[in-house]
Structure formats: C-alpha cells, structure tokens
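See below for the structure under consideration.
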Amino acid sequence: MSTPSPEPDRDCPLCPRLVALRTQLRAEQPDWWNAPVPMLGDQHAPIAIVGLAPGRLGSNRTGRAFTGDDSGTMLFAVLEKLGLAQAGEPTGVQILNAVRCLPPENRPTPAEIHACRPFLAGQLHAPIVVALGEIAHQSAVKALGGKLPKARFAHGAEHRLPKGQTVLDSYHVSRYNQSIGRLTEPMLSAVFERAIALRDT
C-alpha cells in the first residue's frame with residue numbers, strides 16, 4: 001500500500017480565494033477550526049467516503065469531517081445503524097473531502113478541486129469508495145485513475161475502476177437534498193448496505 005500524502009498545511013496557500021475566506025473567518029471566528037479539514041477515521045479502512053468540501057458551520061467550525069451540521073447528522077445516523085460508526089466515531093471507514101477548505105457558497109471552482117486532488121489521491125486507497133455528490137464522484141474517479149465518460153454519476157450507480165476499486169454513487173447528504181426529498185435516509189442506507197456487501201464478498 002502506498003504511503004498517503006500528508007494533509008495540507010493549516011496555512012495551505014494553493015487556492016487564493018479559499019485563503020481569503022479562511023483569513024476572514026479566522027478574524028471573525030477565532031475559536032473555529034478555519035483550516036483544511038483532515039481525513040477522519042482509519043486510513044486503512046476498506047470503505048472510504050468522499051464528500052464535497054467542509055460546511056461553514058459544520059467541519060470548518062469543528063475540524064472534523066461531516067460534523068456540526070445537518071448533513072453529518074444523516075450520514076452518521078446511517079453509519080451507526082449499519083455498524084460503521086459508534087458514538088460519532090467512524091469504525092471501518094475513512095471520511096475525506098474532495099476539497100479540504102471551505103469554499104464560498106459551498107462551491108469550489110474547478111481549479112480548487114484540481115489543486116486539492118493530490119491530497120485525496122494520496123489517501124484514497126480503500127477498495128470501496130462511496131462518493132457523496134457529483135463533484136466528489138468526479139474527483140474520486142480521477143484520483144483513482146478512472147475516466148469520467150465511462151463512469152457517469154447517478155445515485156446508486158456502481159463503477160469498477162481499472163485498478164480494481166469500486167465507486168458507489170449517492171446524492172450528497174446536504175440539507176437542501178434532504179429538504180426536497182432528493183436523498184432520504186433509506187436511499188443512503190441502501191448505498192452503504194451495498195458497500196458492506198462488497199466489503200464482505
């Protein structure tokens with residue numbers, strides 16, 4: 001297994017727009033994390049979860065992926081129900097984001113996604129990857145050496161990549177997707193049940 005690339009430095013300078021927002025929030029909210037959010041969980045876990053980016057009041061505040069806001073509430077409820085987390089701590093999974101820093105309006109630019117991909121690629125070695133949303137899907141597929149035309153995003157889709165890894169797609173667990181019913185807890189559970197079935201095959 002390859003040695004993971006290090007996490008971005010707390011003052012990572014790669015994306016000027018994200019640096020500017022980080023600097024602003026450090027002045028406004030000095031008690032928040034306000035830095036690249038590191039991987040959460042076991043780096044050698046058989047299942048990896050890839051999200052989009054930290055939420056302003058979620059992991060940008062707490063420093064822990066998918067904690068502190070509604071998206072994390074649904075995700076961890078499903079993980080705990082299926083034995084993949086306990087008391088808010090992932091067990092047997094790793095959780096990463098395609099972009100490690102908070103983007104304005106939760107919308108990273110293509111350049112920012114590209115700049116952060118080496119950190120994702122350096123730690124994404126699990127044989128099973130659950131991608132939450134289309135941007136996470138695209139970044140995970142590229143990080144794993146796949147080709148997007150052959151691996152189109154769709155909720156519940158399953159993609160076998162050239163190096164043997166499998167990417168499973170889910171709509172993102174955002175508050176918006178939950179509120180309009182695009183993603184329900186049973187829909188998310190079904191994706192993770194499939195990930196567990198692949199793990200146990």
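Going through the structure tokens in order, the chains are called A, B, and so on, while each chain numbers its residues from 1 and the ligands are numbered from 1 in the order shown.
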
Give me the residues within 12 Å of A:Val37 as a ChimeraX atom specification, counting only C-alpha atoms and dropping any in the same chain fewer than 2 places off.
-> /A:7-12,22,32-35,39-40,51-56,58-67,95-102,116,119-120

Residues at most 12 Å from A:Phe76, counting only C-alpha atoms, excluding those fewer than 6 positions away in the same chain, as a compact mmCIF listing (two decimals) with all heavy atoms, in the first residue's frame?
```
# COMPACT_ATOMS: atom_id res chain seq x y z
N ILE A 49 -15.36 7.25 2.29
CA ILE A 49 -16.46 8.16 1.96
C ILE A 49 -15.84 9.47 1.51
O ILE A 49 -15.02 10.05 2.23
CB ILE A 49 -17.37 8.38 3.17
CG1 ILE A 49 -17.92 7.05 3.69
CG2 ILE A 49 -18.50 9.35 2.83
CD1 ILE A 49 -18.54 7.14 5.07
N ALA A 65 -14.60 16.08 9.73
CA ALA A 65 -15.43 15.93 8.54
C ALA A 65 -16.85 15.49 8.90
O ALA A 65 -17.06 14.61 9.73
CB ALA A 65 -14.81 14.90 7.59
N PHE A 66 -17.83 16.16 8.28
CA PHE A 66 -19.25 15.84 8.43
C PHE A 66 -19.72 15.87 9.88
O PHE A 66 -20.52 15.05 10.30
CB PHE A 66 -19.57 14.48 7.79
CG PHE A 66 -19.62 14.54 6.29
CD1 PHE A 66 -18.51 14.15 5.55
CD2 PHE A 66 -20.74 14.99 5.63
CE1 PHE A 66 -18.53 14.22 4.16
CE2 PHE A 66 -20.77 15.06 4.25
CZ PHE A 66 -19.66 14.68 3.51
N THR A 67 -19.23 16.83 10.64
CA THR A 67 -19.75 17.04 11.99
C THR A 67 -20.20 18.48 12.14
O THR A 67 -19.70 19.37 11.46
CB THR A 67 -18.69 16.73 13.07
OG1 THR A 67 -17.57 17.64 12.92
CG2 THR A 67 -18.19 15.31 12.96
N GLY A 68 -21.19 18.69 12.99
CA GLY A 68 -21.62 20.03 13.32
C GLY A 68 -22.77 20.58 12.51
O GLY A 68 -23.23 21.69 12.77
N ASP A 69 -23.27 19.83 11.50
CA ASP A 69 -24.40 20.33 10.73
C ASP A 69 -25.31 19.17 10.31
O ASP A 69 -25.06 18.01 10.61
CB ASP A 69 -23.94 21.15 9.52
CG ASP A 69 -23.05 20.38 8.56
OD1 ASP A 69 -23.04 19.13 8.60
OD2 ASP A 69 -22.35 21.02 7.75
N ASP A 70 -26.40 19.52 9.58
CA ASP A 70 -27.43 18.52 9.27
C ASP A 70 -26.93 17.41 8.35
O ASP A 70 -27.42 16.28 8.43
CB ASP A 70 -28.63 19.21 8.62
CG ASP A 70 -29.40 20.07 9.61
OD1 ASP A 70 -29.23 19.85 10.83
OD2 ASP A 70 -30.16 20.95 9.18
N LEU A 82 -25.63 0.94 10.64
CA LEU A 82 -25.03 -0.18 9.91
C LEU A 82 -23.71 -0.66 10.52
O LEU A 82 -23.01 -1.48 9.93
CB LEU A 82 -24.81 0.23 8.45
CG LEU A 82 -26.09 0.56 7.67
CD1 LEU A 82 -25.75 1.04 6.26
CD2 LEU A 82 -27.02 -0.65 7.62
N GLY A 83 -23.36 -0.14 11.68
CA GLY A 83 -22.15 -0.59 12.36
C GLY A 83 -20.86 0.00 11.82
O GLY A 83 -19.78 -0.54 12.06
N LEU A 84 -20.98 1.12 11.10
CA LEU A 84 -19.79 1.77 10.53
C LEU A 84 -19.36 3.00 11.33
O LEU A 84 -18.43 3.71 10.94
CB LEU A 84 -20.05 2.16 9.07
CG LEU A 84 -20.34 1.00 8.12
CD1 LEU A 84 -20.72 1.51 6.74
CD2 LEU A 84 -19.12 0.07 8.02
N ALA A 85 -20.03 3.25 12.43
CA ALA A 85 -19.65 4.32 13.35
C ALA A 85 -20.24 4.00 14.71
O ALA A 85 -21.23 3.26 14.82
CB ALA A 85 -20.16 5.69 12.86
N GLN A 86 -19.60 4.55 15.73
CA GLN A 86 -20.07 4.35 17.09
C GLN A 86 -19.82 5.62 17.88
O GLN A 86 -18.68 6.12 17.90
CB GLN A 86 -19.35 3.16 17.73
CG GLN A 86 -19.88 2.80 19.11
CD GLN A 86 -19.24 1.53 19.65
OE1 GLN A 86 -18.24 1.05 19.12
NE2 GLN A 86 -19.81 0.98 20.71
N ALA A 87 -20.87 6.16 18.48
CA ALA A 87 -20.77 7.39 19.28
C ALA A 87 -20.08 8.51 18.50
O ALA A 87 -19.25 9.23 19.04
CB ALA A 87 -20.04 7.10 20.58
N GLY A 88 -20.43 8.64 17.22
CA GLY A 88 -19.89 9.72 16.42
C GLY A 88 -18.50 9.50 15.87
O GLY A 88 -17.93 10.39 15.23
N GLU A 89 -17.96 8.30 16.08
CA GLU A 89 -16.63 7.99 15.56
C GLU A 89 -16.74 6.92 14.48
O GLU A 89 -17.35 5.86 14.72
CB GLU A 89 -15.70 7.48 16.67
CG GLU A 89 -15.34 8.53 17.70
CD GLU A 89 -14.46 9.63 17.14
OE1 GLU A 89 -13.72 9.38 16.17
OE2 GLU A 89 -14.52 10.76 17.68
N PRO A 90 -16.19 7.16 13.29
CA PRO A 90 -16.24 6.13 12.25
C PRO A 90 -15.45 4.90 12.64
O PRO A 90 -14.38 5.00 13.26
CB PRO A 90 -15.63 6.83 11.03
CG PRO A 90 -14.85 7.98 11.57
CD PRO A 90 -15.48 8.37 12.87
N THR A 91 -15.96 3.73 12.28
CA THR A 91 -15.26 2.47 12.53
C THR A 91 -15.27 1.67 11.23
O THR A 91 -16.33 1.33 10.72
CB THR A 91 -15.95 1.66 13.65
OG1 THR A 91 -17.32 1.43 13.30
CG2 THR A 91 -15.89 2.38 14.97
N VAL A 93 -14.30 2.82 8.37
CA VAL A 93 -14.41 3.71 7.22
C VAL A 93 -13.47 4.90 7.42
O VAL A 93 -13.09 5.23 8.55
CB VAL A 93 -15.85 4.25 7.01
CG1 VAL A 93 -16.82 3.13 6.69
CG2 VAL A 93 -16.33 5.05 8.21
N ILE A 95 -13.22 9.05 6.08
CA ILE A 95 -14.05 10.10 5.52
C ILE A 95 -13.15 11.25 5.08
O ILE A 95 -12.36 11.76 5.88
CB ILE A 95 -15.09 10.60 6.54
CG1 ILE A 95 -15.92 9.43 7.08
CG2 ILE A 95 -16.00 11.65 5.89
CD1 ILE A 95 -16.89 9.82 8.18
N VAL A 173 -25.39 14.43 1.01
CA VAL A 173 -26.25 14.49 2.19
C VAL A 173 -26.51 15.93 2.65
O VAL A 173 -26.71 16.18 3.83
CB VAL A 173 -25.65 13.66 3.35
CG1 VAL A 173 -25.73 12.19 3.06
CG2 VAL A 173 -24.21 14.08 3.64
N GLU A 185 -33.03 8.91 4.12
CA GLU A 185 -32.18 8.00 4.89
C GLU A 185 -32.20 6.58 4.32
O GLU A 185 -31.15 5.94 4.21
CB GLU A 185 -32.58 8.02 6.36
CG GLU A 185 -31.57 7.36 7.26
CD GLU A 185 -31.80 7.65 8.73
OE1 GLU A 185 -31.92 8.84 9.09
OE2 GLU A 185 -31.86 6.68 9.51
N LEU A 188 -29.86 6.48 1.31
CA LEU A 188 -28.45 6.48 1.70
C LEU A 188 -28.06 5.14 2.30
O LEU A 188 -26.99 4.60 2.01
CB LEU A 188 -28.18 7.62 2.68
CG LEU A 188 -26.73 7.84 3.09
CD1 LEU A 188 -25.87 8.26 1.90
CD2 LEU A 188 -26.63 8.90 4.19
N SER A 189 -28.94 4.59 3.12
CA SER A 189 -28.67 3.28 3.72
C SER A 189 -28.44 2.21 2.66
O SER A 189 -27.55 1.36 2.80
CB SER A 189 -29.83 2.85 4.63
OG SER A 189 -29.93 3.69 5.75
N PHE A 192 -24.90 2.29 1.37
CA PHE A 192 -23.92 1.75 2.31
C PHE A 192 -24.12 0.25 2.54
O PHE A 192 -23.15 -0.47 2.80
CB PHE A 192 -23.93 2.53 3.62
CG PHE A 192 -23.16 3.82 3.53
CD1 PHE A 192 -23.81 5.02 3.34
CD2 PHE A 192 -21.78 3.82 3.58
CE1 PHE A 192 -23.10 6.20 3.23
CE2 PHE A 192 -21.05 4.98 3.47
CZ PHE A 192 -21.71 6.19 3.29
```

Proximity to A:Tyr176 - best of A:Thr109, A:Thr201, A:Gln24, A:Ser71, only C-alpha atoms =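 Using only C-alpha atoms, A:Tyr176 sits closest to A:Ser71.
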
Excluding stretch 146-148 of chain A and any residue of its chain fewer than 2 positions from it, enumerate the residues within 12 Å of it, using only C-alpha atoms, and give them as a list in words.
->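 Listing them by chain and then by number gives Ala121, Glu134, Ile135, His137, Gln138, Ser139, Ala140, Val141, Lys142, Ala143, Leu144, Lys150, Ala151, Arg152, Phe153, His159, Arg160, Leu161, Pro162, Lys163, Gly164, Gln165, Thr166 and Val167 of chain A.
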
Just to be explicit: take each residue in the selection above, keep C-alpha atoms, and write the result as an mmCIF file, in the first residue's frame.
```cif
data_model
loop_
_atom_site.group_PDB
_atom_site.id
_atom_site.type_symbol
_atom_site.label_atom_id
_atom_site.label_comp_id
_atom_site.auth_asym_id
_atom_site.auth_seq_id
_atom_site.Cartn_x
_atom_site.Cartn_y
_atom_site.Cartn_z
ATOM 1 C CA ALA A 121 -5.319 10.663 -4.229
ATOM 2 C CA GLU A 134 -21.278 14.553 -8.435
ATOM 3 C CA ILE A 135 -18.187 16.650 -7.640
ATOM 4 C CA HIS A 137 -17.680 11.363 -7.685
ATOM 5 C CA GLN A 138 -15.681 13.125 -10.394
ATOM 6 C CA SER A 139 -12.738 13.863 -8.119
ATOM 7 C CA ALA A 140 -12.649 10.327 -6.704
ATOM 8 C CA VAL A 141 -12.808 8.720 -10.146
ATOM 9 C CA LYS A 142 -9.971 10.930 -11.405
ATOM 10 C CA ALA A 143 -7.917 10.358 -8.240
ATOM 11 C CA LEU A 144 -8.266 6.599 -8.781
ATOM 12 C CA LYS A 150 -17.063 5.564 -18.605
ATOM 13 C CA ALA A 151 -18.203 6.374 -15.064
ATOM 14 C CA ARG A 152 -21.138 8.757 -15.114
ATOM 15 C CA PHE A 153 -22.630 9.914 -11.841
ATOM 16 C CA HIS A 159 -18.348 1.830 -11.149
ATOM 17 C CA ARG A 160 -15.477 -0.661 -11.316
ATOM 18 C CA LEU A 161 -12.245 1.222 -11.945
ATOM 19 C CA PRO A 162 -9.085 -0.004 -13.721
ATOM 20 C CA LYS A 163 -7.102 -0.643 -10.527
ATOM 21 C CA GLY A 164 -9.889 -2.764 -9.051
ATOM 22 C CA GLN A 165 -11.569 -0.235 -6.792
ATOM 23 C CA THR A 166 -15.340 0.244 -6.874
ATOM 24 C CA VAL A 167 -17.005 3.654 -6.616
#
```

As a check of understanding: the span from atom CA of A:Gly122 to atom CA of A:Asp42 is 14.0 Å

Go through stretch 2-120 of chain A and collect every residue that DSSP, computed from the backbone, puts in helix (DSSP H, G or I); the answer should be as a PyMOL selection string.
-> chain A and resi 16-28+59-62+70-81+104-106+110-120

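For the set A:Ser179, A:Gln94, A:Asn106, A:Gln43, the residue with the smallest atom-to-atom gap to A:Leu21 is A:Asn106, counting only C-alpha atoms.
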
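With only C-alpha atoms as the atoms that count, the residue of A:Asp31, A:Arg107, A:His155, A:Ala195 with the shortest distance to A:Arg182 is A:His155.
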
Could you check which of A:Ala45, A:Met187, A:Ala157, A:Ala111 is closest to A:Ala131, using only C-alpha atoms?
->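 Among the listed residues, A:Ala157 lies closest to A:Ala131.
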
Return the single residue from A:Leu124, A:Ala154, A:Val129, A:Val78 that is closest to A:Ala190, with distances computed using only C-alpha atoms.
-> A:Val78

When DSSP works through the backbone of this structure, what residues of stretch 38-126 of chain A end up as strand (DSSP E or B), shown as an MDAnalysis selection string?
-> chainID A and resid 40:41 47:51 85:86 89:90 93:97

Excluding A:Glu112 and residues on its chain fewer than 2 positions from it, collect all residues at most 9 Å away from it, counting only C-alpha atoms, and give them as a list in words.
->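 In the requested form, the answer reads Leu14, Cys15, Arg17, Leu18, Val99, Pro103, Pro108, Thr109, Pro110, His114, Ala115, Cys116 and Arg117 of chain A.
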
Let me see the file: selected residues, N, CA, C and O atoms, as a tab-separated table (two decimals), in the first residue's frame.
```
chain	number	residue	atom	x	y	z
A	14	LEU	N	-2.51	27.17	-1.72
A	14	LEU	CA	-2.73	26.79	-3.11
A	14	LEU	C	-3.90	27.52	-3.78
A	14	LEU	O	-3.88	27.71	-4.99
A	15	CYS	N	-4.91	27.90	-3.02
A	15	CYS	CA	-6.13	28.47	-3.62
A	15	CYS	C	-6.40	29.86	-3.03
A	15	CYS	O	-6.94	29.97	-1.92
A	17	ARG	N	-8.60	32.20	-3.37
A	17	ARG	CA	-9.96	32.52	-2.94
A	17	ARG	C	-10.29	31.85	-1.60
A	17	ARG	O	-10.91	32.45	-0.72
A	18	LEU	N	-9.85	30.61	-1.43
A	18	LEU	CA	-10.11	29.89	-0.19
A	18	LEU	C	-9.25	30.44	0.95
A	18	LEU	O	-9.69	30.49	2.10
A	99	VAL	N	-12.40	18.68	-1.60
A	99	VAL	CA	-11.73	19.95	-1.31
A	99	VAL	C	-11.67	20.07	0.20
A	99	VAL	O	-12.69	19.95	0.88
A	103	PRO	N	-15.22	26.48	0.73
A	103	PRO	CA	-15.34	27.37	-0.42
A	103	PRO	C	-16.50	28.34	-0.24
A	103	PRO	O	-17.50	27.99	0.40
A	108	PRO	N	-16.74	25.05	-4.78
A	108	PRO	CA	-15.35	25.16	-5.21
A	108	PRO	C	-15.27	25.30	-6.73
A	108	PRO	O	-16.12	24.79	-7.47
A	109	THR	N	-14.24	25.98	-7.18
A	109	THR	CA	-14.02	26.11	-8.62
A	109	THR	C	-13.29	24.87	-9.14
A	109	THR	O	-12.67	24.12	-8.36
A	110	PRO	N	-13.32	24.64	-10.45
A	110	PRO	CA	-12.56	23.50	-11.00
A	110	PRO	C	-11.08	23.56	-10.63
A	110	PRO	O	-10.47	22.52	-10.34
A	114	HIS	N	-9.04	20.70	-8.54
A	114	HIS	CA	-7.82	20.12	-9.11
A	114	HIS	C	-6.64	20.28	-8.15
A	114	HIS	O	-5.84	19.36	-7.97
A	115	ALA	N	-6.53	21.45	-7.51
A	115	ALA	CA	-5.41	21.71	-6.60
A	115	ALA	C	-5.43	20.80	-5.40
A	115	ALA	O	-4.37	20.42	-4.87
A	116	CYS	N	-6.63	20.40	-4.97
A	116	CYS	CA	-6.73	19.55	-3.77
A	116	CYS	C	-6.70	18.06	-4.09
A	116	CYS	O	-6.56	17.24	-3.19
A	117	ARG	N	-6.80	17.70	-5.36
A	117	ARG	CA	-6.89	16.28	-5.72
A	117	ARG	C	-5.67	15.46	-5.27
A	117	ARG	O	-5.83	14.29	-4.89
```

In Å, with one decimal, what is the gap from atom CA of A:Ala20 to atom CA of A:Val50?
->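 Atom CA of A:Ala20 sits 24.6 Å away from atom CA of A:Val50.
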
Nearest candidate to A:His125 (options A:Ala48, A:Thr23, A:Asp169, A:Pro38; using only C-alpha atoms) | A:Ala48
